[in-house]
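One file, model-v2.cif, carrying mmCIF, C-alpha atoms and all ligand atoms:
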```
data_protein
loop_
_atom_site.label_atom_id
_atom_site.label_comp_id
_atom_site.auth_asym_id
_atom_site.auth_seq_id
_atom_site.Cartn_x
_atom_site.Cartn_y
_atom_site.Cartn_z
CA MET A 1310 25.64 9.19 17.37
CA LYS A 1311 25.24 11.68 14.55
CA ILE A 1312 21.61 12.26 13.51
CA ARG A 1313 21.02 11.64 9.79
CA SER A 1314 19.92 14.66 7.79
CA GLU A 1315 17.58 12.76 5.49
CA PHE A 1316 14.32 11.38 6.88
CA LEU A 1317 14.14 7.60 6.74
CA PRO A 1318 10.50 6.78 5.94
CA PHE A 1319 8.70 3.84 7.45
CA SER A 1320 7.94 2.57 3.94
CA ARG A 1321 8.44 3.53 0.32
CA PRO A 1322 7.35 1.65 -2.81
CA SER A 1323 10.13 0.28 -5.01
CA ILE A 1324 9.37 1.73 -8.43
CA GLY A 1325 11.86 1.14 -11.24
CA GLU A 1326 12.03 1.41 -15.01
CA SER A 1327 9.95 -1.74 -15.56
CA GLU A 1328 7.02 -0.23 -13.64
CA ILE A 1329 7.33 3.10 -15.45
CA SER A 1330 7.50 1.55 -18.92
CA LYS A 1331 4.51 -0.75 -18.25
CA VAL A 1332 2.38 2.17 -17.06
CA VAL A 1333 3.46 4.39 -19.96
CA ALA A 1334 2.68 1.59 -22.43
CA CYS A 1335 -0.79 1.32 -20.91
CA LEU A 1336 -1.29 5.09 -21.13
CA LYS A 1337 -0.38 4.97 -24.82
CA SER A 1338 -2.52 1.91 -25.54
CA GLY A 1339 -5.88 3.68 -25.68
CA TRP A 1340 -7.38 1.51 -22.89
CA ILE A 1341 -6.74 2.53 -19.28
CA THR A 1342 -9.68 1.16 -17.32
CA THR A 1343 -10.23 -2.52 -16.50
CA GLY A 1344 -9.21 -4.73 -19.42
CA ALA A 1345 -6.42 -7.00 -20.60
CA GLN A 1346 -3.86 -5.83 -18.03
CA ALA A 1347 -6.22 -6.51 -15.13
CA LYS A 1348 -7.04 -9.94 -16.62
CA GLU A 1349 -3.33 -10.78 -16.91
CA PHE A 1350 -2.78 -9.62 -13.32
CA GLU A 1351 -5.61 -11.91 -12.19
CA ASP A 1352 -4.05 -14.83 -14.09
CA LYS A 1353 -0.76 -14.23 -12.26
CA PHE A 1354 -2.56 -14.59 -8.92
CA CYS A 1355 -4.22 -17.83 -10.02
CA THR A 1356 -0.74 -19.14 -10.82
CA LEU A 1357 0.74 -17.87 -7.54
CA THR A 1358 -1.98 -19.30 -5.31
CA SER A 1359 -3.35 -22.19 -7.42
CA ALA A 1360 -6.82 -20.68 -6.83
CA LYS A 1361 -9.30 -21.25 -9.66
CA GLN A 1362 -10.25 -17.57 -9.93
CA ALA A 1363 -8.71 -14.23 -9.10
CA ILE A 1364 -10.70 -10.99 -9.06
CA ALA A 1365 -8.83 -7.68 -9.25
CA LEU A 1366 -10.21 -4.77 -7.23
CA ASN A 1367 -9.46 -1.19 -6.36
CA SER A 1368 -8.74 -2.09 -2.72
CA ALA A 1369 -8.66 -5.03 -0.36
CA THR A 1370 -11.37 -3.28 1.67
CA ALA A 1371 -13.63 -3.41 -1.40
CA GLY A 1372 -12.77 -7.10 -1.65
CA MET A 1373 -13.84 -7.71 1.94
CA HIS A 1374 -17.06 -5.78 1.36
CA ILE A 1375 -18.15 -7.78 -1.66
CA THR A 1376 -17.00 -11.11 -0.23
CA LEU A 1377 -19.17 -10.56 2.86
CA SER A 1378 -22.01 -9.36 0.60
CA ALA A 1379 -21.74 -12.38 -1.70
CA LEU A 1380 -21.87 -14.66 1.36
CA ASN A 1381 -25.08 -12.84 2.41
CA ILE A 1382 -23.53 -11.96 5.75
CA GLY A 1383 -25.74 -9.53 7.61
CA ALA A 1384 -27.76 -8.82 10.73
CA GLY A 1385 -27.60 -11.56 13.35
CA ASP A 1386 -24.40 -13.09 11.94
CA GLU A 1387 -21.16 -13.23 13.90
CA ILE A 1388 -17.76 -13.01 12.27
CA ILE A 1389 -14.63 -14.10 14.12
CA THR A 1390 -11.52 -11.97 13.61
CA PRO A 1391 -8.61 -10.71 15.69
CA SER A 1392 -8.90 -7.27 17.21
CA LEU A 1393 -5.32 -6.66 16.12
CA THR A 1394 -6.18 -6.03 12.50
CA PHE A 1395 -6.77 -3.05 10.27
CA ALA A 1396 -10.06 -1.29 11.03
CA SER A 1397 -11.27 -1.86 7.46
CA THR A 1398 -12.24 -5.48 8.19
CA VAL A 1399 -14.30 -4.56 11.24
CA ASN A 1400 -15.80 -1.62 9.35
CA MET A 1401 -16.99 -3.96 6.60
CA ILE A 1402 -18.45 -6.43 9.12
CA ALA A 1403 -20.26 -3.53 10.84
CA LEU A 1404 -21.45 -1.99 7.57
CA ARG A 1405 -23.00 -5.34 6.62
CA GLY A 1406 -24.91 -5.23 9.92
CA ALA A 1407 -23.07 -8.26 11.31
CA THR A 1408 -21.24 -8.52 14.64
CA PRO A 1409 -17.47 -8.82 14.99
CA VAL A 1410 -16.34 -11.36 17.57
CA PHE A 1411 -12.72 -10.85 18.55
CA VAL A 1412 -10.30 -13.64 19.34
CA ASP A 1413 -7.02 -13.00 21.10
CA VAL A 1414 -3.62 -13.12 19.37
CA ASP A 1415 -0.36 -14.76 20.24
CA TYR A 1416 1.83 -12.08 21.85
CA GLY A 1417 4.97 -13.24 20.02
CA THR A 1418 3.73 -13.50 16.42
CA LEU A 1419 0.66 -11.24 16.77
CA ASN A 1420 -1.26 -13.84 14.74
CA ILE A 1421 -4.72 -14.97 15.86
CA ASN A 1422 -4.39 -17.75 18.44
CA ALA A 1423 -6.05 -20.64 16.61
CA GLN A 1424 -6.48 -22.55 19.91
CA LEU A 1425 -8.93 -19.91 21.12
CA ILE A 1426 -11.19 -19.79 18.07
CA GLU A 1427 -13.42 -22.76 18.91
CA GLU A 1428 -14.68 -21.27 22.17
CA ALA A 1429 -15.77 -18.12 20.28
CA ILE A 1430 -17.96 -20.10 17.86
CA THR A 1431 -21.72 -19.89 18.43
CA PRO A 1432 -24.72 -20.97 16.32
CA ARG A 1433 -24.63 -17.45 14.82
CA THR A 1434 -21.01 -17.67 13.62
CA LYS A 1435 -20.77 -17.53 9.82
CA ALA A 1436 -17.11 -16.87 9.04
CA ILE A 1437 -13.59 -16.62 10.39
CA ILE A 1438 -11.32 -13.87 9.06
CA PRO A 1439 -7.76 -14.61 10.16
CA VAL A 1440 -4.95 -12.22 9.17
CA HIS A 1441 -1.56 -13.46 8.00
CA PHE A 1442 -0.09 -10.81 10.24
CA ALA A 1443 3.01 -8.97 9.02
CA GLY A 1444 3.47 -11.69 6.38
CA ALA A 1445 3.56 -14.71 8.76
CA PRO A 1446 0.86 -17.28 7.99
CA VAL A 1447 -1.76 -18.19 10.56
CA ASP A 1448 -2.17 -21.85 11.50
CA MET A 1449 -4.31 -22.76 8.49
CA ASP A 1450 -4.63 -26.48 9.32
CA LYS A 1451 -6.26 -25.74 12.65
CA ILE A 1452 -8.50 -23.00 11.25
CA ASN A 1453 -9.60 -25.05 8.23
CA LEU A 1454 -10.45 -28.01 10.49
CA LEU A 1455 -12.65 -25.81 12.68
CA ALA A 1456 -14.31 -24.31 9.62
CA ALA A 1457 -15.13 -27.77 8.30
CA LYS A 1458 -16.40 -28.94 11.72
CA TYR A 1459 -18.77 -25.98 12.14
CA ASN A 1460 -19.52 -25.33 8.45
CA LEU A 1461 -17.96 -21.85 8.44
CA THR A 1462 -16.32 -19.88 5.65
CA VAL A 1463 -12.72 -18.86 6.17
CA ILE A 1464 -11.84 -15.56 4.52
CA GLU A 1465 -8.07 -15.19 4.60
CA ASP A 1466 -6.99 -11.60 5.10
CA ALA A 1467 -3.91 -11.84 2.90
CA ALA A 1468 -3.27 -8.08 2.77
CA HIS A 1469 0.27 -8.71 4.10
CA ALA A 1470 0.79 -12.02 2.38
CA VAL A 1471 2.08 -11.85 -1.19
CA GLY A 1472 4.81 -14.51 -0.93
CA THR A 1473 3.55 -15.99 2.36
CA TYR A 1474 3.48 -19.80 2.41
CA TYR A 1475 2.08 -22.18 5.02
CA LYS A 1476 3.55 -25.70 4.78
CA GLY A 1477 4.38 -25.05 1.13
CA ILE A 1478 0.95 -23.62 0.21
CA SER A 1479 0.62 -19.96 -0.74
CA ALA A 1480 -1.77 -17.71 1.14
CA GLY A 1481 -4.91 -17.86 -0.97
CA GLY A 1482 -4.17 -21.45 -1.96
CA PHE A 1483 -6.55 -23.21 0.45
CA GLY A 1484 -9.72 -22.85 -1.61
CA ASN A 1485 -11.10 -20.18 0.75
CA PRO A 1486 -11.66 -16.64 -0.46
CA ALA A 1487 -8.44 -14.73 0.28
CA ILE A 1488 -7.92 -11.01 -0.11
CA PHE A 1489 -4.60 -9.35 -0.97
CA SER A 1490 -3.87 -5.61 -0.77
CA PHE A 1491 -1.70 -3.51 -3.09
CA HIS A 1492 -1.68 -0.34 -1.00
CA PRO A 1493 1.69 1.47 -1.42
CA ILE A 1494 3.25 0.04 1.74
CA LYS A 1495 2.41 -3.55 0.78
CA ASN A 1496 4.90 -6.07 -0.63
CA ILE A 1497 3.75 -5.22 -4.15
CA THR A 1498 1.68 -2.18 -5.01
CA THR A 1499 -0.69 -0.81 -7.63
CA GLY A 1500 -0.97 2.57 -5.86
CA GLU A 1501 -4.25 1.31 -4.43
CA GLY A 1502 -5.68 -2.08 -5.24
CA GLY A 1503 -6.56 -5.56 -4.13
CA MET A 1504 -7.17 -9.11 -5.32
CA ILE A 1505 -9.54 -11.85 -4.24
CA THR A 1506 -8.48 -15.40 -4.97
CA ILE A 1507 -11.21 -17.99 -4.73
CA SER A 1508 -11.90 -21.53 -5.87
CA ASP A 1509 -15.69 -21.71 -5.39
CA ALA A 1510 -16.95 -20.99 -8.93
CA LEU A 1511 -20.42 -19.81 -7.89
CA LEU A 1512 -19.23 -17.51 -5.12
CA GLY A 1513 -16.52 -16.20 -7.45
CA LYS A 1514 -19.16 -15.37 -10.06
CA LYS A 1515 -21.27 -13.51 -7.48
CA ILE A 1516 -18.25 -11.51 -6.32
CA ARG A 1517 -17.33 -10.66 -9.91
CA LEU A 1518 -20.85 -9.29 -10.49
CA LEU A 1519 -20.78 -7.27 -7.27
CA ARG A 1520 -17.41 -5.80 -8.31
CA PHE A 1521 -18.89 -3.99 -11.28
CA HIS A 1522 -22.46 -2.74 -10.87
CA GLY A 1523 -23.93 -6.24 -11.24
CA ILE A 1524 -23.23 -6.17 -14.98
CA GLU A 1525 -22.53 -9.58 -16.44
CA ARG A 1526 -20.04 -8.77 -19.21
CA ASP A 1527 -16.76 -6.87 -18.80
CA ALA A 1528 -16.70 -3.34 -20.21
CA TRP A 1529 -13.75 -4.11 -22.46
CA LYS A 1530 -15.79 -6.86 -24.10
CA ARG A 1531 -18.89 -4.70 -24.40
CA TYR A 1532 -16.95 -1.87 -26.01
CA GLY A 1533 -14.56 -3.98 -28.13
CA LYS A 1534 -15.08 -4.48 -31.85
CA GLY A 1535 -18.43 -6.16 -32.45
CA GLY A 1536 -19.32 -5.96 -28.75
CA ASN A 1537 -22.83 -5.22 -27.57
CA PRO A 1538 -22.89 -2.21 -25.21
CA ALA A 1539 -26.32 -3.15 -23.80
CA TYR A 1540 -26.57 -4.64 -20.33
CA ASP A 1541 -29.01 -5.97 -17.79
CA ILE A 1542 -28.62 -6.15 -14.00
CA ALA A 1543 -30.15 -8.94 -11.94
CA GLU A 1544 -28.77 -7.60 -8.63
CA PRO A 1545 -27.20 -4.20 -8.03
CA GLY A 1546 -23.45 -4.12 -7.46
CA TYR A 1547 -20.63 -1.76 -6.58
CA LYS A 1548 -17.86 -0.03 -8.57
CA TYR A 1549 -14.74 -1.75 -7.24
CA ASN A 1550 -12.83 -2.72 -10.41
CA LEU A 1551 -9.06 -2.25 -10.83
CA PRO A 1552 -8.19 -0.05 -13.82
CA ASP A 1553 -5.59 -1.31 -16.31
CA LEU A 1554 -3.40 1.71 -15.54
CA LEU A 1555 -2.96 0.33 -12.02
CA ALA A 1556 -2.92 -3.32 -13.09
CA ALA A 1557 0.01 -2.47 -15.42
CA LEU A 1558 1.94 -1.25 -12.38
CA GLY A 1559 0.89 -4.40 -10.54
CA LEU A 1560 2.12 -6.65 -13.36
CA ALA A 1561 5.56 -5.05 -13.28
CA GLN A 1562 5.64 -5.34 -9.49
CA PHE A 1563 4.45 -8.94 -9.60
CA GLU A 1564 7.43 -9.93 -11.75
CA ARG A 1565 9.65 -8.61 -8.95
CA TRP A 1566 7.91 -10.04 -5.86
CA PRO A 1567 10.50 -12.78 -5.21
CA GLU A 1568 13.33 -10.24 -5.41
CA LEU A 1569 11.43 -7.67 -3.30
CA ASN A 1570 10.60 -10.26 -0.63
CA ARG A 1571 14.18 -11.56 -0.59
CA ARG A 1572 15.33 -8.04 0.21
CA ARG A 1573 12.70 -7.66 2.95
CA THR A 1574 13.80 -11.00 4.44
CA HIS A 1575 17.43 -9.93 4.39
CA LEU A 1576 16.61 -6.65 6.14
CA ALA A 1577 14.44 -8.41 8.75
CA LYS A 1578 17.27 -10.84 9.52
CA PHE A 1579 19.67 -7.94 9.79
CA TYR A 1580 17.32 -6.23 12.26
CA ASN A 1581 17.18 -9.48 14.27
CA GLU A 1582 20.96 -9.63 14.44
CA ARG A 1583 21.49 -5.99 15.28
CA LEU A 1584 18.70 -5.74 17.85
CA ALA A 1585 19.50 -9.03 19.59
CA GLY A 1586 20.73 -8.42 23.10
CA ILE A 1587 19.23 -4.93 23.46
CA SER A 1588 17.19 -5.14 26.62
CA GLY A 1589 13.90 -3.29 26.89
CA ILE A 1590 12.49 -4.43 23.53
CA ASP A 1591 10.89 -7.68 22.33
CA LEU A 1592 11.71 -8.82 18.81
CA PRO A 1593 9.08 -10.32 16.47
CA GLN A 1594 8.62 -14.07 16.90
CA ILE A 1595 7.92 -16.36 14.00
CA PRO A 1596 5.44 -19.28 13.91
CA ASP A 1597 6.79 -22.70 14.92
CA TYR A 1598 5.27 -24.53 11.93
CA GLU A 1599 6.81 -24.67 8.48
CA HIS A 1600 6.29 -21.43 6.60
CA THR A 1601 7.76 -18.72 4.41
CA HIS A 1602 7.46 -15.27 5.93
CA ALA A 1603 6.78 -12.38 3.54
CA TRP A 1604 8.20 -9.85 6.02
CA HIS A 1605 5.65 -7.21 5.19
CA LEU A 1606 6.28 -5.58 8.57
CA TYR A 1607 8.99 -5.70 11.20
CA ILE A 1608 7.28 -5.04 14.53
CA ILE A 1609 9.07 -4.72 17.84
CA LYS A 1610 7.52 -4.22 21.26
CA VAL A 1611 8.91 -1.45 23.39
CA LEU A 1612 9.09 -2.27 27.08
CA ALA A 1613 11.77 0.13 28.28
CA LEU A 1614 9.77 3.32 27.88
CA ASN A 1615 6.36 4.64 26.94
CA ARG A 1616 5.64 3.95 23.24
CA ASP A 1617 4.66 7.59 22.50
CA ASP A 1618 7.97 8.78 23.97
CA PHE A 1619 9.76 6.16 21.89
CA MET A 1620 8.01 7.41 18.73
CA ASN A 1621 8.96 11.00 19.54
CA LYS A 1622 12.56 9.91 20.01
CA LEU A 1623 12.57 8.07 16.67
CA ALA A 1624 11.28 11.26 15.05
CA GLU A 1625 14.17 13.18 16.63
CA TYR A 1626 16.51 10.68 14.98
CA ASN A 1627 14.74 11.33 11.65
CA ILE A 1628 13.24 7.84 11.56
CA GLY A 1629 9.69 7.04 10.44
CA TYR A 1630 7.51 4.34 12.04
CA GLY A 1631 4.12 2.70 11.75
CA LEU A 1632 1.51 1.32 14.13
CA HIS A 1633 -0.12 -1.99 13.18
CA PHE A 1634 -2.65 -1.73 14.63
CA PRO A 1635 -4.62 0.12 17.28
CA PRO A 1636 -6.85 -2.78 18.50
CA ALA A 1637 -10.19 -2.65 16.72
CA HIS A 1638 -12.14 -3.54 19.86
CA LEU A 1639 -11.07 -0.22 21.41
CA LEU A 1640 -12.38 1.91 18.52
CA THR A 1641 -15.17 4.22 19.66
CA TYR A 1642 -17.95 2.77 17.50
CA VAL A 1643 -16.96 -0.80 18.35
CA GLN A 1644 -17.07 -0.02 22.08
CA GLU A 1645 -20.41 1.73 21.64
CA ASN A 1646 -22.07 -0.99 19.57
CA TYR A 1647 -20.49 -4.32 20.46
CA LEU A 1648 -19.32 -3.96 24.06
CA ALA A 1649 -21.36 -6.92 25.28
CA GLU A 1650 -19.73 -9.25 22.73
CA ILE A 1651 -16.13 -8.22 23.55
CA GLY A 1652 -14.46 -10.84 25.69
CA PRO A 1653 -11.13 -10.54 27.46
CA LEU A 1654 -8.23 -10.12 25.05
CA PRO A 1655 -5.25 -10.11 27.41
CA GLU A 1656 -2.49 -10.78 24.88
CA THR A 1657 -3.86 -8.21 22.44
CA LEU A 1658 -3.87 -5.64 25.24
CA ARG A 1659 -0.41 -6.69 26.43
CA ALA A 1660 0.97 -6.05 22.94
CA ALA A 1661 -1.20 -3.09 21.92
CA ASP A 1662 0.58 -0.23 23.65
CA LYS A 1663 4.06 -1.62 22.97
CA ILE A 1664 4.02 -2.47 19.25
CA ILE A 1665 5.75 -0.27 16.74
CA SER A 1666 6.63 -1.04 13.11
CA LEU A 1667 10.18 -0.12 12.13
CA PRO A 1668 11.16 1.06 8.64
CA LEU A 1669 11.17 -1.86 6.21
CA PHE A 1670 11.09 -1.54 2.43
CA PRO A 1671 13.10 -3.16 -0.35
CA ASP A 1672 15.12 -0.09 -1.32
CA MET A 1673 16.22 0.46 2.28
CA GLN A 1674 19.95 -0.04 2.70
CA ASP A 1675 21.76 -2.15 5.27
CA VAL A 1676 23.28 1.05 6.72
CA ASP A 1677 19.74 2.32 7.29
CA VAL A 1678 18.95 -0.75 9.42
CA GLN A 1679 22.22 -0.24 11.25
CA TYR A 1680 21.29 3.39 11.90
CA VAL A 1681 17.82 2.48 13.24
CA CYS A 1682 19.31 -0.16 15.53
CA GLU A 1683 21.96 2.21 16.89
CA ALA A 1684 19.28 4.83 17.50
CA ILE A 1685 17.09 2.31 19.34
CA LYS A 1686 20.04 1.32 21.52
CA GLU A 1687 20.58 4.95 22.50
CA ILE A 1688 16.88 5.66 23.03
CA VAL A 1689 16.32 2.59 25.16
CA ASN A 1690 19.40 3.29 27.30
CA HIS A 1691 18.69 7.00 27.80
CA GLY A 1692 14.99 6.44 28.22
CA ARG A 1693 15.41 4.53 31.44
C1 LIG B 1 -4.57 -6.48 7.66
C2 LIG B 1 -5.15 -5.59 6.62
N1 LIG B 1 -6.36 -5.88 6.11
C3 LIG B 1 -6.94 -5.11 5.17
C4 LIG B 1 -6.31 -4.00 4.69
C5 LIG B 1 -7.04 -3.15 3.69
O1 LIG B 1 -6.34 -3.01 2.50
P1 LIG B 1 -6.69 -1.84 1.48
O2 LIG B 1 -5.99 -0.61 1.97
O3 LIG B 1 -6.12 -2.32 0.16
O4 LIG B 1 -8.14 -1.67 1.43
C6 LIG B 1 -5.05 -3.66 5.15
C7 LIG B 1 -4.37 -2.50 4.60
O5 LIG B 1 -3.86 -1.63 5.03
C8 LIG B 1 -4.46 -4.47 6.16
O6 LIG B 1 -3.26 -4.16 6.66
#
```
Please render this file's structure as structure tokens.
Ligand SMILES: Cc1ncc(COP(=O)(O)O)c(C=O)c1O
Amino acid sequence: MKIRSEFLPFSRPSIGESEISKVVACLKSGWITTGAQAKEFEDKFCTLTSAKQAIALNSATAGMHITLSALNIGAGDEIITPSLTFASTVNMIALRGATPVFVDVDYGTLNINAQLIEEAITPRTKAIIPVHFAGAPVDMDKINLLAAKYNLTVIEDAAHAVGTYYKGISAGGFGNPAIFSFHPIKNITTGEGGMITISDALLGKKIRLLRFHGIERDAWKRYGKGGNPAYDIAEPGYKYNLPDLLAALGLAQFERWPELNRRRTHLAKFYNERLAGISGIDLPQIPDYEHTHAWHLYIIKVLALNRDDFMNKLAEYNIGYGLHFPPAHLLTYVQENYLAEIGPLPETLRAADKIISLPLFPDMQDVDVQYVCEAIKEIVNHGR
């Protein structure tokens, strides 16, 4: 087949006129840091998830940091999470002085295997952080039941899950803290950004304080007409707020999430059709319970040849790719500090050196999917 001249990236944000005009309007408004746009963006997430509060942040990682801080998670505490997740979660657990305890995933969906969580629970366990991996929801009923039985907090990692539903309930709609990401490859983006949705009023208040120095009132209220710029701080906090300039972009993207996810779903189905029957690769499996998949990522597993060789071949065909994720339990500092706590993770390891994320973004064309699938067919056949 003829190699395309233009590089097909793994991901690219879909930015149109509505995003540009919203951001320009914000630039012209005289207020570009956290204010009315961020508040409106938060309200949209309350509506989406039915959570009582939403807290806009400059990243999901920041959200994880202050959620763990607000829960007073620290030395001696164990936090259950899959190893197949972004390193940021494990970093935040480690930076709080707590211990990550890894639970294996299901090889097909790459979601945490909810059946295996209970045996990882000890008297030191404080929280479970499941990831709605690639946009497919984890088995929330099972996880919530365990959390209730052992009095644990569930923190949903909803970085991939704008538009993910489990049995009709949106990610973030279970009353637990849930954390969304708006990094540029995510289903909607603010450049960088995140959102916590939460229904516990007290915990939400604590998180809000930790987001901005520990200062009680929002800057836009302190500096508005008649506002009082004085402040007091009861407990020191961080500087993790989402500026309006970015929230404006998020608001324009939010209006489009159903359309953007429809396009992702179409492309994922097209991949499924075109890749079906090619031997030497495993296609992504979907959960067997009722759900709506957000198709954040389309991940195949390469069996026919070494994954690094496969990546090099894709590059020769001018195709980009991603890797979600190198298992966290194999990271150097995790091996050095938590080796004794790492149990066997056979399915994580079985998947880890085979997974590769194919290009998937709303502005990608059907012919692009066709091209990737043809290339894979050639690579897999010649690679044998
Ligand atoms: C599963 C998962 N969790 C957390 C994050 C962190 O998100 P952010 O980059 O917004 O901090 C990401 C983002 O890449 C992710 O994929």
Report as a tab-separated table the residues of chain A within 7 Å of ligand LIG 1 (chain B), each with its shortest atom pair and distance in Å (one decimal), using all atoms listed in the file, ordered by chain and increasing residue number.
```
residue	atom	partner	partner_atom	distance
A:Ser1368	CA	B:LIG1	O3	3.9
A:Ala1369	CA	B:LIG1	O3	3.8
A:Thr1370	CA	B:LIG1	O4	3.6
A:Ala1371	CA	B:LIG1	O4	6.4
A:Thr1394	CA	B:LIG1	C1	5.1
A:Phe1395	CA	B:LIG1	C2	4.7
A:Ser1397	CA	B:LIG1	C5	5.8
A:Thr1398	CA	B:LIG1	C3	6.1
A:Val1440	CA	B:LIG1	C1	5.9
A:Phe1442	CA	B:LIG1	C1	6.7
A:Asp1466	CA	B:LIG1	N1	5.8
A:Ala1468	CA	B:LIG1	C2	5.0
A:His1469	CA	B:LIG1	O6	6.3
A:Ser1490	CA	B:LIG1	O3	4.1
A:Phe1491	CA	B:LIG1	O3	5.6
A:His1492	CA	B:LIG1	O3	5.0
A:Glu1501	CA	B:LIG1	O3	6.1
A:Gly1502	CA	B:LIG1	O3	5.4
A:Gly1503	CA	B:LIG1	O3	5.4
```
Using C-alpha atoms, can you export the residues from the last selection as a short mmCIF file (atom, residue, chain, number, x, y, z; two decimals), in the frame of the given file?
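Output saved as out.cif:
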```
data_model
loop_
_atom_site.label_atom_id
_atom_site.label_comp_id
_atom_site.auth_asym_id
_atom_site.auth_seq_id
_atom_site.Cartn_x
_atom_site.Cartn_y
_atom_site.Cartn_z
CA SER A 1368 -8.74 -2.09 -2.72
CA ALA A 1369 -8.66 -5.03 -0.36
CA THR A 1370 -11.37 -3.28 1.67
CA ALA A 1371 -13.63 -3.41 -1.40
CA THR A 1394 -6.18 -6.03 12.50
CA PHE A 1395 -6.77 -3.05 10.27
CA SER A 1397 -11.27 -1.86 7.46
CA THR A 1398 -12.24 -5.48 8.19
CA VAL A 1440 -4.95 -12.22 9.17
CA PHE A 1442 -0.09 -10.81 10.24
CA ASP A 1466 -6.99 -11.60 5.10
CA ALA A 1468 -3.27 -8.08 2.77
CA HIS A 1469 0.27 -8.71 4.10
CA SER A 1490 -3.87 -5.61 -0.77
CA PHE A 1491 -1.70 -3.51 -3.09
CA HIS A 1492 -1.68 -0.34 -1.00
CA GLU A 1501 -4.25 1.31 -4.43
CA GLY A 1502 -5.68 -2.08 -5.24
CA GLY A 1503 -6.56 -5.56 -4.13
#
```
Point out the residue among A:Ala1467, A:Gly1484, A:Thr1408, A:Asn1581 with the least atom-to-atom distance to Ala1384 in chain A, counting all atoms listed in the file.
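Of all the options, A:Thr1408 lies closest to Ala1384 in chain A.
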Just want the 7 Å neighbourhood of Gly1631 in chain A, counted on only C-alpha atoms, with same-chain residues fewer than 2 positions away dropped. Output as a PDB file with C-alpha atoms, keeping the file's coordinate frame.
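File result.pdb, as written:
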```
ATOM      1  CA  PHE A1319       8.700   3.840   7.450  1.00  0.00           C
ATOM      2  CA  HIS A1633      -0.120  -1.990  13.180  1.00  0.00           C
ATOM      3  CA  ILE A1665       5.750  -0.270  16.740  1.00  0.00           C
ATOM      4  CA  SER A1666       6.630  -1.040  13.110  1.00  0.00           C
ATOM      5  CA  LEU A1667      10.180  -0.120  12.130  1.00  0.00           C
TER       6      LEU A1667
END
```
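In terms of minimum interatomic distance to Glu1656 in chain A, A:Pro1636 ranks closest within A:Pro1636, A:Trp1604, A:Pro1318, A:Leu1576, counting only C-alpha atoms.
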I'd like the neighbourhood of Gln1594 in chain A as a ChimeraX atom specification, where a residue qualifies if any of its atoms comes within 12 Å (using all atoms listed in the file), though same-chain residues fewer than 3 positions away should be ignored.
/A:1415-1420,1442-1445,1577-1578,1581,1591,1597,1602,1604,1607-1610
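Counting from CA of Glu1564 in chain A, the distance to CA of Gln1362 in chain A is 19.3 Å.
Residues in contact with range 1421-1429 of chain A at 9 Å, where only C-alpha atoms are counted and same-chain residues fewer than 5 positions away are skipped, are listed as Ile1389, Thr1390, Pro1391, Ser1392, Leu1393, Val1410, Phe1411, Val1412, Asp1413, Val1414, Asp1415, Thr1434, Ile1437, Pro1439, Val1440, His1441, Phe1442, Val1447, Asp1448, Met1449, Lys1451, Ile1452 and Leu1455 of chain A.
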Using CA of Asn1400 in chain A and CA of Glu1387 in chain A as the two end points, give the distance in Å to one decimal.
13.6 Å
Hey, which of A:Leu1551, A:Ile1651, A:Ala1365, A:Leu1357 ends up closest to Pro1409 in chain A? Count only C-alpha atoms.
A:Ile1651
I need the residue nearest Ala1470 in chain A from this list: A:Ile1312, A:Ile1507, A:Leu1606, A:Ile1382. Use only C-alpha atoms for the distance.
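Checking each candidate against Ala1470 in chain A, we get A:Leu1606 as the closest.
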Selected residue, from A:Leu1519, A:Leu1592, A:Val1689, A:Cys1335, that lies nearest to Pro1545 in chain A when counting all atoms listed in the file:
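Among A:Leu1519, A:Leu1592, A:Val1689, A:Cys1335, it is A:Leu1519 that comes nearest to Pro1545 in chain A.
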What is the distance between CA of Ser1323 in chain A and CA of Asp1672 in chain A, in Å to one decimal?
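For CA of Ser1323 in chain A relative to CA of Asp1672 in chain A, the distance reads 6.2 Å.
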Using all atoms listed in the file, which of the listed residues (A:Asp1352, A:Phe1634, A:Gly1546, A:Glu1465) sits closest to Ile1438 in chain A?
A:Glu1465
Write out, as JSON lines, each residue of range 1317-1419 of chain A that has an atom at most 8 Å from range 1472-1481 of chain A, together with the closest pair of atoms and their distance in Å to one decimal, counting all atoms listed in the file, rows going by chain and rising number.
```
{"residue": "A:Leu1357", "atom": "CA", "partner": "A:Ser1479", "partner_atom": "CA", "distance": 7.1}
{"residue": "A:Thr1358", "atom": "CA", "partner": "A:Ser1479", "partner_atom": "CA", "distance": 5.3}
{"residue": "A:Ser1359", "atom": "CA", "partner": "A:Gly1481", "partner_atom": "CA", "distance": 7.9}
{"residue": "A:Ala1360", "atom": "CA", "partner": "A:Gly1481", "partner_atom": "CA", "distance": 6.8}
```
Could you please take those selected residues and save C-alpha atoms as a compact mmCIF listing (two decimals), in the frame of the given file?
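Dumped everything to part24.txt:
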```txt
# COMPACT_ATOMS: atom_id res chain seq x y z
CA LEU A 1357 0.74 -17.87 -7.54
CA THR A 1358 -1.98 -19.30 -5.31
CA SER A 1359 -3.35 -22.19 -7.42
CA ALA A 1360 -6.82 -20.68 -6.83
```
